[in-house]
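One file, input_1.txt, carrying compact mmCIF, C-alpha atoms and all ligand atoms:
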```txt
# COMPACT_ATOMS: atom_id res chain seq x y z
CA MET O 16 -119.46 -227.09 20.62
CA SER O 17 -118.88 -228.12 17.02
CA TYR O 18 -117.65 -225.83 14.29
CA GLU O 19 -120.53 -224.27 12.39
CA PHE O 20 -119.85 -224.00 8.68
CA THR O 21 -120.02 -220.42 7.42
CA GLN O 22 -121.76 -219.55 4.17
CA LEU O 23 -118.27 -219.35 2.63
CA ASP O 24 -117.49 -222.94 3.70
CA LYS O 25 -120.80 -224.05 2.18
CA ASP O 26 -120.27 -222.15 -1.08
CA ALA O 27 -116.71 -223.51 -1.29
CA ALA O 28 -118.00 -227.10 -1.04
CA ALA O 29 -120.07 -226.82 -4.27
CA PRO O 30 -118.83 -229.03 -7.15
CA MET O 31 -116.11 -227.45 -9.30
CA PRO O 32 -115.11 -228.66 -12.79
CA SER O 33 -111.60 -230.13 -13.02
CA ALA O 34 -108.65 -227.98 -14.07
CA ASP O 35 -108.57 -229.73 -17.46
CA GLU O 36 -112.21 -228.83 -18.02
CA LEU O 37 -111.61 -225.17 -17.07
CA ALA O 38 -108.28 -224.79 -18.88
CA GLY O 39 -108.32 -222.34 -21.80
CA THR O 40 -111.09 -220.13 -20.35
CA PHE O 41 -108.41 -217.41 -20.12
CA GLU O 42 -106.77 -217.43 -23.54
CA LEU O 43 -102.96 -217.28 -23.56
CA ASN O 44 -101.38 -214.28 -25.32
CA LYS O 45 -97.82 -215.52 -25.54
CA SER O 46 -95.14 -213.13 -24.30
CA ASP O 47 -92.19 -212.33 -26.56
CA HIS O 48 -90.05 -211.51 -23.52
CA GLU O 49 -90.45 -214.57 -21.28
CA ARG O 50 -87.44 -215.08 -19.00
CA THR O 51 -84.89 -217.65 -20.09
CA GLU O 52 -84.69 -220.88 -18.03
CA ALA O 53 -81.56 -219.51 -16.31
CA GLU O 54 -83.27 -216.20 -15.46
CA ALA O 55 -86.35 -217.99 -14.12
CA ALA O 56 -84.19 -220.29 -11.99
CA ALA O 57 -82.27 -217.27 -10.64
CA LEU O 58 -85.54 -215.61 -9.67
CA LEU O 59 -86.40 -218.61 -7.49
CA GLN O 60 -83.34 -217.95 -5.32
CA ASP O 61 -83.92 -215.74 -2.24
CA MET O 62 -87.56 -215.20 -3.03
CA GLY O 63 -88.75 -213.21 0.02
CA PHE O 64 -92.47 -212.52 0.03
CA GLY O 65 -94.36 -210.75 -2.76
CA VAL O 66 -91.39 -209.00 -4.34
CA LYS O 67 -90.73 -211.07 -7.46
CA PHE O 68 -93.28 -211.78 -10.16
CA SER O 69 -93.77 -214.38 -12.88
CA ASP O 70 -93.96 -213.85 -16.67
CA TYR O 71 -97.76 -213.70 -16.98
CA MET O 72 -100.92 -212.32 -15.40
CA ALA O 73 -104.61 -213.14 -15.80
CA HIS O 74 -106.95 -210.33 -16.85
CA ALA O 75 -110.65 -209.88 -17.61
CA THR O 76 -112.79 -206.76 -17.95
CA TRP O 77 -116.38 -206.07 -16.84
CA THR O 78 -118.81 -203.66 -18.46
CA ALA O 79 -122.58 -203.50 -18.06
CA GLU O 80 -123.08 -204.37 -21.75
CA LYS O 81 -120.72 -207.34 -21.92
CA GLY O 82 -120.35 -208.59 -18.32
CA TRP O 83 -116.97 -210.26 -17.70
CA HIS O 84 -115.21 -210.53 -21.08
CA ASP O 85 -111.81 -210.59 -22.77
CA LYS O 86 -110.60 -213.29 -20.38
CA ARG O 87 -106.92 -213.65 -21.15
CA ILE O 88 -103.49 -214.53 -19.83
CA GLU O 89 -101.15 -211.73 -20.87
CA PRO O 90 -97.50 -210.84 -20.29
CA TYR O 91 -96.90 -209.45 -16.79
CA GLY O 92 -96.32 -205.72 -16.94
CA PRO O 93 -97.44 -202.21 -15.96
CA LEU O 94 -101.06 -201.22 -16.56
CA SER O 95 -102.30 -198.19 -18.39
CA LEU O 96 -104.95 -196.57 -16.15
CA ASP O 97 -106.70 -193.24 -16.65
CA PRO O 98 -105.76 -190.85 -13.78
CA ALA O 99 -109.52 -190.48 -13.17
CA GLY O 100 -109.87 -194.28 -12.78
CA SER O 101 -112.18 -194.44 -9.79
CA VAL O 102 -110.16 -196.98 -7.77
CA LEU O 103 -107.51 -194.26 -7.39
CA HIS O 104 -110.01 -191.91 -5.77
CA TYR O 105 -112.58 -193.96 -3.88
CA GLY O 106 -110.82 -197.29 -3.34
CA GLN O 107 -113.43 -199.52 -4.99
CA GLU O 108 -111.23 -202.62 -4.89
CA VAL O 109 -111.14 -206.16 -3.48
CA PHE O 110 -108.46 -208.82 -3.43
CA GLU O 111 -107.64 -212.40 -2.45
CA GLY O 112 -104.59 -214.44 -1.57
CA LEU O 113 -103.98 -218.14 -2.23
CA LYS O 114 -101.05 -220.36 -3.11
CA ALA O 115 -99.97 -222.98 -5.64
CA TYR O 116 -97.93 -225.76 -4.00
CA ARG O 117 -95.54 -228.18 -5.70
CA HIS O 118 -95.93 -231.75 -4.43
CA GLU O 119 -93.06 -234.19 -4.30
CA ASP O 120 -94.19 -235.92 -7.53
CA GLY O 121 -94.00 -232.57 -9.38
CA SER O 122 -97.78 -231.99 -9.55
CA VAL O 123 -99.14 -228.53 -8.64
CA TRP O 124 -102.10 -227.98 -6.31
CA SER O 125 -104.03 -225.19 -4.65
CA PHE O 126 -105.83 -225.23 -1.31
CA ARG O 127 -109.58 -224.49 -1.19
CA PRO O 128 -109.57 -222.12 -4.20
CA ALA O 129 -113.39 -222.12 -4.20
CA TYR O 130 -113.27 -220.64 -0.68
CA ASN O 131 -111.30 -217.71 -2.08
CA ALA O 132 -113.76 -217.44 -4.99
CA ALA O 133 -116.68 -217.30 -2.55
CA ARG O 134 -114.93 -214.77 -0.30
CA LEU O 135 -114.02 -212.57 -3.26
CA ASN O 136 -117.72 -212.39 -4.08
CA LYS O 137 -118.63 -211.62 -0.48
CA SER O 138 -116.15 -208.73 -0.66
CA ASN O 139 -117.50 -207.79 -4.11
CA ARG O 140 -120.99 -207.45 -2.69
CA ARG O 141 -119.83 -205.15 0.14
CA LEU O 142 -117.91 -202.97 -2.32
CA ALA O 143 -120.71 -202.94 -4.95
CA ILE O 144 -118.49 -204.77 -7.44
CA PRO O 145 -120.07 -207.25 -9.90
CA HIS O 146 -120.11 -210.97 -9.04
CA LEU O 147 -117.34 -213.05 -10.66
CA PRO O 148 -118.48 -216.67 -11.35
CA HIS O 149 -116.53 -219.11 -9.18
CA GLU O 150 -115.59 -221.14 -12.27
CA ASP O 151 -114.00 -218.04 -13.83
CA PHE O 152 -112.02 -217.40 -10.65
CA VAL O 153 -110.68 -220.96 -10.54
CA ALA O 154 -110.11 -221.00 -14.32
CA SER O 155 -107.96 -217.87 -14.06
CA ILE O 156 -105.81 -219.62 -11.44
CA VAL O 157 -105.54 -222.77 -13.58
CA ASP O 158 -104.59 -220.88 -16.75
CA LEU O 159 -102.13 -218.56 -15.02
CA VAL O 160 -100.39 -221.33 -13.09
CA ARG O 161 -100.17 -223.49 -16.23
CA ALA O 162 -98.55 -220.58 -18.14
CA ASP O 163 -96.19 -219.89 -15.22
CA GLU O 164 -95.69 -223.42 -13.93
CA ARG O 165 -91.91 -223.15 -13.74
CA TYR O 166 -92.34 -220.47 -11.07
CA VAL O 167 -93.95 -222.89 -8.59
CA PRO O 168 -90.97 -223.47 -6.31
CA THR O 169 -89.92 -226.58 -4.46
CA GLY O 170 -88.58 -226.35 -0.94
CA GLU O 171 -89.94 -226.12 2.57
CA GLY O 172 -92.05 -223.03 3.20
CA THR O 173 -92.16 -221.95 -0.46
CA SER O 174 -95.05 -221.63 -2.92
CA LEU O 175 -96.30 -219.55 -5.81
CA TYR O 176 -98.38 -216.88 -4.05
CA LEU O 177 -101.39 -215.86 -6.15
CA ARG O 178 -102.99 -212.46 -5.79
CA PRO O 179 -106.38 -212.09 -7.52
CA PHE O 180 -107.90 -208.59 -7.38
CA ILE O 181 -110.66 -206.48 -8.91
CA PHE O 182 -110.65 -202.71 -9.23
CA ALA O 183 -112.85 -199.95 -10.62
CA SER O 184 -111.26 -198.70 -13.84
CA GLU O 185 -113.91 -196.31 -15.12
CA ALA O 186 -112.61 -192.75 -15.56
CA PHE O 187 -115.18 -190.83 -13.53
CA LEU O 188 -115.03 -188.59 -10.46
CA GLY O 189 -118.61 -188.80 -9.14
CA VAL O 190 -119.04 -190.91 -6.03
CA ARG O 191 -120.93 -193.92 -7.35
CA SER O 192 -120.17 -197.51 -8.23
CA ALA O 193 -118.07 -197.66 -11.40
CA ALA O 194 -119.32 -198.92 -14.77
CA ARG O 195 -116.07 -200.71 -15.64
CA PHE O 196 -113.91 -203.10 -13.62
CA GLU O 197 -110.74 -205.12 -14.19
CA TYR O 198 -110.16 -208.56 -12.68
CA MET O 199 -106.54 -209.64 -12.52
CA VAL O 200 -104.34 -212.30 -10.98
CA ILE O 201 -100.60 -211.89 -10.49
CA ALA O 202 -98.22 -214.58 -9.24
CA SER O 203 -95.22 -214.24 -6.97
CA PRO O 204 -92.84 -217.10 -6.09
CA SER O 205 -92.52 -216.66 -2.34
CA GLY O 206 -90.96 -217.92 0.86
CA ALA O 207 -91.91 -216.94 4.41
CA TYR O 208 -94.08 -213.83 4.87
CA PHE O 209 -91.97 -212.39 7.67
CA GLU O 210 -88.37 -211.32 7.05
CA HIS O 211 -87.22 -213.42 10.00
CA GLY O 212 -88.90 -216.54 8.58
CA PHE O 213 -91.17 -218.57 10.83
CA GLN O 214 -89.71 -217.13 14.07
CA PRO O 215 -92.27 -216.00 16.70
CA ILE O 216 -93.61 -212.49 16.13
CA ARG O 217 -93.81 -209.62 18.63
CA LEU O 218 -97.27 -208.03 18.85
CA TRP O 219 -98.28 -204.56 19.93
CA VAL O 220 -101.83 -204.41 21.35
CA GLU O 221 -103.26 -201.37 19.58
CA ARG O 222 -105.73 -199.33 21.64
CA GLU O 223 -105.77 -196.01 19.77
CA TYR O 224 -106.61 -197.09 16.22
CA HIS O 225 -109.00 -199.73 14.86
CA ARG O 226 -108.87 -201.40 11.48
CA ALA O 227 -112.67 -201.60 11.06
CA GLY O 228 -115.87 -200.82 12.93
CA PRO O 229 -119.48 -202.04 13.12
CA GLY O 230 -121.21 -201.76 9.76
CA GLY O 231 -117.90 -201.05 8.05
CA MET O 232 -115.94 -203.33 5.73
CA GLY O 233 -113.98 -205.38 8.30
CA ASP O 234 -115.06 -208.75 6.92
CA ALA O 235 -114.34 -207.78 3.30
CA LYS O 236 -110.89 -208.23 1.83
CA THR O 237 -110.47 -204.72 0.51
CA GLY O 238 -107.49 -202.38 0.46
CA GLY O 239 -109.13 -199.80 2.75
CA ASN O 240 -108.96 -202.14 5.75
CA TYR O 241 -105.27 -202.69 5.14
CA ALA O 242 -104.66 -198.97 4.57
CA SER O 243 -106.23 -198.19 7.95
CA SER O 244 -103.80 -200.63 9.60
CA LEU O 245 -100.69 -199.00 8.16
CA LEU O 246 -100.16 -196.02 10.48
CA PRO O 247 -100.52 -198.09 13.68
CA LYS O 248 -98.20 -200.66 12.11
CA VAL O 249 -95.58 -198.03 11.26
CA VAL O 250 -95.71 -196.76 14.84
CA ALA O 251 -95.50 -200.33 16.20
CA HIS O 252 -92.59 -201.21 13.86
CA ASP O 253 -90.72 -198.10 15.05
CA LYS O 254 -91.10 -199.42 18.60
CA GLY O 255 -89.73 -202.83 17.53
CA TYR O 256 -92.93 -204.85 17.06
CA ASP O 257 -93.79 -206.98 14.03
CA GLU O 258 -97.56 -206.55 13.96
CA CYS O 259 -100.49 -204.91 15.76
CA LEU O 260 -103.23 -206.84 17.48
CA PHE O 261 -106.39 -204.83 16.81
CA LEU O 262 -109.27 -204.65 19.29
CA ASP O 263 -112.94 -204.21 18.42
CA ALA O 264 -113.93 -200.63 17.63
CA ALA O 265 -117.22 -200.73 19.58
CA THR O 266 -115.77 -201.47 23.05
CA ASN O 267 -111.97 -201.37 22.60
CA THR O 268 -111.79 -204.49 24.79
CA ASN O 269 -112.08 -207.61 22.60
CA LEU O 270 -109.59 -209.17 20.19
CA ASP O 271 -110.36 -208.68 16.50
CA GLU O 272 -107.40 -209.69 14.34
CA LEU O 273 -103.92 -208.64 13.22
CA GLY O 274 -104.85 -206.84 10.01
CA GLY O 275 -103.37 -209.46 7.68
CA MET O 276 -103.92 -212.51 9.89
CA ASN O 277 -106.43 -214.07 12.29
CA VAL O 278 -105.40 -214.87 15.84
CA PHE O 279 -105.70 -218.04 17.97
CA VAL O 280 -105.21 -218.61 21.71
CA VAL O 281 -104.14 -222.01 23.07
CA MET O 282 -105.17 -222.72 26.67
CA ALA O 283 -103.04 -224.70 29.12
CA ASP O 284 -105.60 -227.55 28.96
CA GLY O 285 -104.95 -227.87 25.20
CA SER O 286 -108.25 -226.29 24.08
CA VAL O 287 -108.07 -223.56 21.46
CA LYS O 288 -110.03 -220.32 20.93
CA THR O 289 -110.29 -217.72 18.22
CA PRO O 290 -112.36 -214.51 18.10
CA LYS O 291 -115.78 -215.18 16.65
CA LEU O 292 -116.73 -213.62 13.32
CA THR O 293 -118.43 -210.38 14.31
CA GLY O 294 -118.54 -208.83 10.85
CA ASN O 295 -115.38 -206.84 11.65
CA ILE O 296 -112.98 -209.76 11.22
CA LEU O 297 -111.84 -211.32 7.97
CA PRO O 298 -113.25 -214.88 7.67
CA GLY O 299 -109.86 -216.47 6.97
CA GLY O 300 -109.69 -219.72 5.00
CA THR O 301 -106.74 -220.79 7.15
CA ARG O 302 -108.80 -219.93 10.26
CA SER O 303 -111.72 -222.07 9.03
CA SER O 304 -109.39 -224.96 8.10
CA ILE O 305 -107.62 -224.93 11.47
CA LEU O 306 -110.94 -224.98 13.34
CA GLN O 307 -112.11 -227.97 11.28
CA LEU O 308 -108.77 -229.75 11.57
CA LEU O 309 -108.63 -229.37 15.37
CA GLU O 310 -112.20 -230.52 15.75
CA SER O 311 -111.50 -233.62 13.64
CA GLN O 312 -108.62 -234.40 16.03
CA GLY O 313 -110.91 -234.16 19.07
CA VAL O 314 -109.43 -230.83 20.23
CA LYS O 315 -111.95 -228.40 21.72
CA ALA O 316 -111.73 -225.43 19.36
CA THR O 317 -114.20 -222.59 19.85
CA GLU O 318 -115.07 -219.21 18.36
CA GLU O 319 -115.61 -216.75 21.21
CA THR O 320 -115.46 -213.17 22.33
CA ILE O 321 -111.96 -212.87 23.81
CA ALA O 322 -111.45 -209.89 26.13
CA TYR O 323 -107.91 -208.59 25.96
CA ASP O 324 -107.59 -207.96 29.73
CA GLU O 325 -108.75 -211.53 30.45
CA LEU O 326 -106.24 -212.79 27.91
CA VAL O 327 -103.41 -210.86 29.59
CA ALA O 328 -104.49 -212.12 33.03
CA GLY O 329 -104.75 -215.67 31.61
CA ILE O 330 -101.19 -215.53 30.26
CA GLU O 331 -99.91 -214.16 33.59
CA LYS O 332 -101.70 -216.93 35.54
CA GLY O 333 -100.55 -219.65 33.16
CA ASP O 334 -104.08 -220.47 31.90
CA VAL O 335 -103.04 -219.42 28.40
CA ALA O 336 -100.12 -221.41 27.04
CA GLU O 337 -99.56 -220.26 23.46
CA MET O 338 -100.84 -217.88 20.82
CA PHE O 339 -100.49 -217.97 17.07
CA ALA O 340 -101.46 -215.95 14.02
CA CYS O 341 -102.63 -217.53 10.78
CA GLY O 342 -103.38 -216.64 7.20
CA THR O 343 -102.56 -217.79 3.69
CA ALA O 344 -99.37 -215.72 3.55
CA ALA O 345 -98.30 -216.14 7.18
CA VAL O 346 -99.48 -219.81 7.37
CA VAL O 347 -99.26 -220.46 11.15
CA THR O 348 -96.90 -218.12 12.97
CA SER O 349 -96.19 -218.31 16.67
CA ILE O 350 -96.77 -215.16 18.74
CA GLY O 351 -93.69 -214.66 20.93
CA SER O 352 -94.75 -211.64 22.95
CA LEU O 353 -97.66 -209.32 23.59
CA THR O 354 -97.04 -205.71 24.65
CA GLY O 355 -99.32 -202.77 25.44
CA GLU O 356 -99.00 -199.38 27.17
CA ASP O 357 -98.77 -201.00 30.61
CA PHE O 358 -97.61 -204.60 30.15
CA HIS O 359 -95.20 -206.88 28.33
CA ILE O 360 -95.63 -210.65 28.30
CA GLU O 361 -93.50 -213.32 26.68
CA LEU O 362 -95.08 -216.51 25.27
CA GLU O 363 -93.55 -219.87 24.43
CA MET O 364 -93.65 -221.32 20.91
CA GLY O 365 -95.59 -224.38 22.06
CA GLU O 366 -96.36 -227.82 20.76
CA VAL O 367 -99.94 -227.03 19.65
CA THR O 368 -98.76 -224.23 17.35
CA LYS O 369 -96.07 -226.49 15.87
CA LYS O 370 -98.57 -229.31 15.36
CA VAL O 371 -101.17 -227.06 13.69
CA TYR O 372 -98.48 -225.74 11.33
CA LYS O 373 -97.32 -229.25 10.49
CA ASP O 374 -100.78 -230.79 10.10
CA LEU O 375 -101.97 -227.99 7.82
CA THR O 376 -98.86 -227.80 5.65
CA ASP O 377 -98.70 -231.61 5.40
CA ILE O 378 -102.14 -231.54 3.76
CA GLN O 379 -101.22 -228.59 1.52
CA LEU O 380 -98.02 -230.29 0.38
CA GLY O 381 -99.63 -233.70 -0.18
CA ARG O 382 -97.74 -235.34 2.69
CA ALA O 383 -100.91 -236.22 4.64
CA GLU O 384 -104.28 -237.53 3.55
CA ASP O 385 -106.67 -234.77 2.42
CA LYS O 386 -109.72 -236.04 4.33
CA PHE O 387 -111.59 -232.78 3.82
CA GLY O 388 -111.24 -232.61 0.03
CA TRP O 389 -109.46 -229.25 0.26
CA LEU O 390 -106.84 -229.81 -2.44
CA TYR O 391 -107.51 -228.92 -6.08
CA ARG O 392 -105.07 -230.05 -8.74
CA LEU O 393 -103.96 -227.24 -11.04
CA ALA O 394 -101.30 -228.95 -13.15
C1 LIG K 401 -102.94 -213.50 2.74
O1 LIG K 401 -102.68 -214.10 3.78
O2 LIG K 401 -102.94 -214.04 1.65
C2 LIG K 401 -103.26 -212.08 2.77
O3 LIG K 401 -103.89 -211.61 1.87
C3 LIG K 401 -102.76 -211.28 3.91
C4 LIG K 401 -101.76 -210.26 3.60
C5 LIG K 401 -100.57 -210.66 2.82
C6 LIG K 401 -102.39 -209.00 3.17
```

For the file at hand, write its structure as structure tokens.
Amino acid sequence: MSYEFTQLDKDAAAPMPSADELAGTFELNKSDHERTEAEAAALLQDMGFGVKFSDYMAHATWTAEKGWHDKRIEPYGPLSLDPAGSVLHYGQEVFEGLKAYRHEDGSVWSFRPAYNAARLNKSNRRLAIPHLPHEDFVASIVDLVRADERYVPTGEGTSLYLRPFIFASEAFLGVRSAARFEYMVIASPSGAYFEHGFQPIRLWVEREYHRAGPGGMGDAKTGGNYASSLLPKVVAHDKGYDECLFLDAATNTNLDELGGMNVFVVMADGSVKTPKLTGNILPGGTRSSILQLLESQGVKATEETIAYDELVAGIEKGDVAEMFACGTAAVVTSIGSLTGEDFHIELEMGEVTKKVYKDLTDIQLGRAEDKFGWLYRLA
């Protein structure tokens, strides 16, 4: 069965002006407290994930009268938000995650930014947030990365992680869609997502709590889905696990996702499976890219309903060889063990997982041919 492009894949394939054509859409307000070269270089040591931030941020505002306006790059810093700002009360918010990569020749690239633009708008629609033109999304990335170019690190497993987000900023306590929104992008020079680097992760199969349910917001990238994953994650962390594997809310039997990552299963015959997009799972850009990449290599890669008890039995029998998690932040991370109330199974970090990681990151870092046209030059 061949991979069927989602609407996001199709939207992401539409022509996009070059970075030079988009540059300047977000006007630079120069900071008078930029870090010195030495301070910026120091910040690129021991980066961790999402804990250090660059000098600038992108910002635009939406009102019914003016639409998206005041598109600017401004100094990174705290926001002033009315305590009645509706995001603080009703969570009307969406976000994205993508990366800027430094290639060996010094140039800076992003990976499928139009996919993130399209997904942001899919999330916007579910959260009743106004559409942001894809060109504005990509322009904000171009202008921010050009202002903060020195924060795009070099070195294996590093990148400038970009976090676009939109939130309701109108000061109003009625439950209705807000009349004012802020779009922002912040940038964080980052290494591996997990504290222990790219080591295999230990998963807890969560059967009490679900991250999303039918008709909910599971396929939107919105804070509420992540908030609902936090308590089960705290409980799992306390027991020594890195992440939860969430099951579908309707039957509590099928694999959904990890909360911040999609999940893949590698069979002993080399074929690969991932849970199909039911509306409760985030349509990951990394997920879509891996499916296309495997298919182009002649690997059978399918989107299916994956029952958790069949998965456990398959691992015990040796029909399942490997599992991995994937996402922009986590890239491709091997799953080292799966544990539930009544079982514990260890998994090998296998060759397929290693190859998927290498093939994907080789494209992102310009070390392999970009046959799919996924790279977009930022600077
Ligand atoms: C990403 O992979 O970029 C994500 O947004 C997942 C997580 C860090 C929330």

Query raised in the report: With all atoms listed in the file as the atoms that count, which of O:Gly342, O:Gly299, O:Gly285, O:Gly351 lies nearest to O:Lys315?
Result: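 Using all atoms listed in the file, O:Lys315 sits closest to O:Gly285.
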
Query raised in the report: atom CA of O:Asp385 and atom CA of O:Phe20 are how many Å apart?
Result: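 Between these atoms lies a distance of 18.1 Å.
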
Requested in this report: Kindly work out which residues sit at most 9 Å from ligand LIG 401 (chain K), using all atoms listed in the file, and give the list as an NGL selection string.
Outcome: :O and (64-65 or 110-114 or 176-178 or 208 or 236 or 238 or 241 or 274-276 or 299 or 301 or 341-346)

Query raised in the report: Given the choices O:Arg117, O:Lys86, O:His359, O:Arg217, which gets closest to O:Asn44 if the distance is worked out from all atoms listed in the file?
Result: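 Checking each of O:Arg117, O:Lys86, O:His359, O:Arg217 against O:Asn44, counting all atoms listed in the file, the winner is O:Lys86.
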
Query - Pick from O:Arg195, O:Glu108, O:Asn131, O:Val287 nearest to O:Gly82, counting all atoms listed in the file - result: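 Looking only at the distances to O:Gly82, the closest residue turns out to be O:Arg195.
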
Query raised in the report: If you count all atoms listed in the file, which residues fall within 12 Å of O:Ile216, apart from same-chain ones fewer than 6 positions away, as a list in words?
Result: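 Counting all atoms listed in the file, the residues come to Tyr208, Phe209, Glu210, His252, Gly255, Tyr256, Asp257, Glu258, Cys259, Leu260, Leu273, Met338, Phe339, Ala340, Cys341, Ala345, Val347, Thr348, Ser349, Ile350, Gly351, Ser352, Leu353, Thr354, Glu361, Leu362, Glu363 and Met364 of chain O.
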
Query - Which of O:Ala193, O:Val220, O:Ala264, O:Ala383 sits closest to O:Leu326 [using all atoms listed in the file] - result: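 Going through O:Ala193, O:Val220, O:Ala264, O:Ala383 one by one, the smallest distance to O:Leu326 is for O:Val220.
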
Query raised in the report: Using all atoms listed in the file, which of the listed residues (O:Val102, O:Ala162, O:Leu309, O:Ala154) sits closest to O:Asp35?
Result: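 The answer is O:Ala154, which sits nearest to O:Asp35.
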
**Report entry** One-decimal distance in Å that lies between atom CA of O:His74 and atom CA of O:Phe41
**Finding:** 7.9 Å

Report task. Please provide as a list in words all residues within 12 Å of O:Leu103, with the sequence filter that same-chain residues fewer than 3 positions apart are discarded (counting only C-alpha atoms). Result ->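 Everything that qualifies: Leu96, Asp97, Pro98, Ala99, Gly100, Gly106, Gln107, Glu108, Phe182, Ala183, Ser184, Glu185, Ala186, Phe187, Leu188, Ala193, Gly238 and Gly239 of chain O.
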
Mind writing the picked residues with C-alpha atoms as a PDB file, keeping the file's coordinate frame?
```pdb
ATOM      1  CA  LEU O  96    -104.950-196.570 -16.150  1.00  0.00           C
ATOM      2  CA  ASP O  97    -106.700-193.240 -16.650  1.00  0.00           C
ATOM      3  CA  PRO O  98    -105.760-190.850 -13.780  1.00  0.00           C
ATOM      4  CA  ALA O  99    -109.520-190.480 -13.170  1.00  0.00           C
ATOM      5  CA  GLY O 100    -109.870-194.280 -12.780  1.00  0.00           C
ATOM      6  CA  GLY O 106    -110.820-197.290  -3.340  1.00  0.00           C
ATOM      7  CA  GLN O 107    -113.430-199.520  -4.990  1.00  0.00           C
ATOM      8  CA  GLU O 108    -111.230-202.620  -4.890  1.00  0.00           C
ATOM      9  CA  PHE O 182    -110.650-202.710  -9.230  1.00  0.00           C
ATOM     10  CA  ALA O 183    -112.850-199.950 -10.620  1.00  0.00           C
ATOM     11  CA  SER O 184    -111.260-198.700 -13.840  1.00  0.00           C
ATOM     12  CA  GLU O 185    -113.910-196.310 -15.120  1.00  0.00           C
ATOM     13  CA  ALA O 186    -112.610-192.750 -15.560  1.00  0.00           C
ATOM     14  CA  PHE O 187    -115.180-190.830 -13.530  1.00  0.00           C
ATOM     15  CA  LEU O 188    -115.030-188.590 -10.460  1.00  0.00           C
ATOM     16  CA  ALA O 193    -118.070-197.660 -11.400  1.00  0.00           C
ATOM     17  CA  GLY O 238    -107.490-202.380   0.460  1.00  0.00           C
ATOM     18  CA  GLY O 239    -109.130-199.800   2.750  1.00  0.00           C
TER      19      GLY O 239
END
```

Query - Top pick for closest residue to O:Ile201, considering O:Leu37, O:Ile156, O:Ala322, O:Ala129 and counting only C-alpha atoms - result: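 Among O:Leu37, O:Ile156, O:Ala322, O:Ala129, it is O:Ile156 that comes nearest to O:Ile201.
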
Query raised in the report: Which protein, DNA or RNA residues have an atom at most 7 Å from (-95.2, -225.4, 5.4), counting all atoms listed in the file? List them as an NGL selection string.
Result: :O and (171-172 or 372-373 or 376)

Report summary line: Between atom CA of O:Val278 and atom CA of O:Leu246 lies a distance of 20.3 Å

Find the residues with any atom within 6 Å of (-116.1, -214.7, 17.4); use all atoms listed in the file and the coordinates as given in the file, and write the answer as a tab-separated table (two decimals) with C-alpha atoms, in the frame of the given file.
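Below is the file that was written, selection_18.tsv:
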```tsv
chain	number	residue	atom	x	y	z
O	290	PRO	CA	-112.36	-214.51	18.10
O	291	LYS	CA	-115.78	-215.18	16.65
O	292	LEU	CA	-116.73	-213.62	13.32
O	293	THR	CA	-118.43	-210.38	14.31
O	318	GLU	CA	-115.07	-219.21	18.36
O	319	GLU	CA	-115.61	-216.75	21.21
O	320	THR	CA	-115.46	-213.17	22.33
```

Query raised in the report: Got a sec: who's within 8 Å of O:Met232, counting only C-alpha atoms, leaving out chain neighbours fewer than 6 positions off, as a list in words?
Result: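 So, after excluding close chain neighbours, the residues are Arg141, Asn240, Gly294 and Asn295 of chain O.
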
Emit the selected residues as a compact mmCIF listing (two decimals), in the frame of the given file, including C-alpha atoms.
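result-v5.txt, written as the output of this step:
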```txt
# COMPACT_ATOMS: atom_id res chain seq x y z
CA ARG O 141 -119.83 -205.15 0.14
CA ASN O 240 -108.96 -202.14 5.75
CA GLY O 294 -118.54 -208.83 10.85
CA ASN O 295 -115.38 -206.84 11.65
```

Query - O:Met72 environment, 8 Å, only C-alpha atoms, sequence neighbours closer than 6 positions dropped, as a list in words - result: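 After dropping sequence-adjacent residues, the list is Ile88, Glu89, Pro90, Tyr91, Leu159, Met199, Val200, Ile201 and Ala202 of chain O.
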
**Report entry** Residues within 12 Å of O:Arg382, only C-alpha atoms, excluding chain neighbours under 5 positions, as number ranges by chain
**Finding:** O: 116-120, 373-377, 390
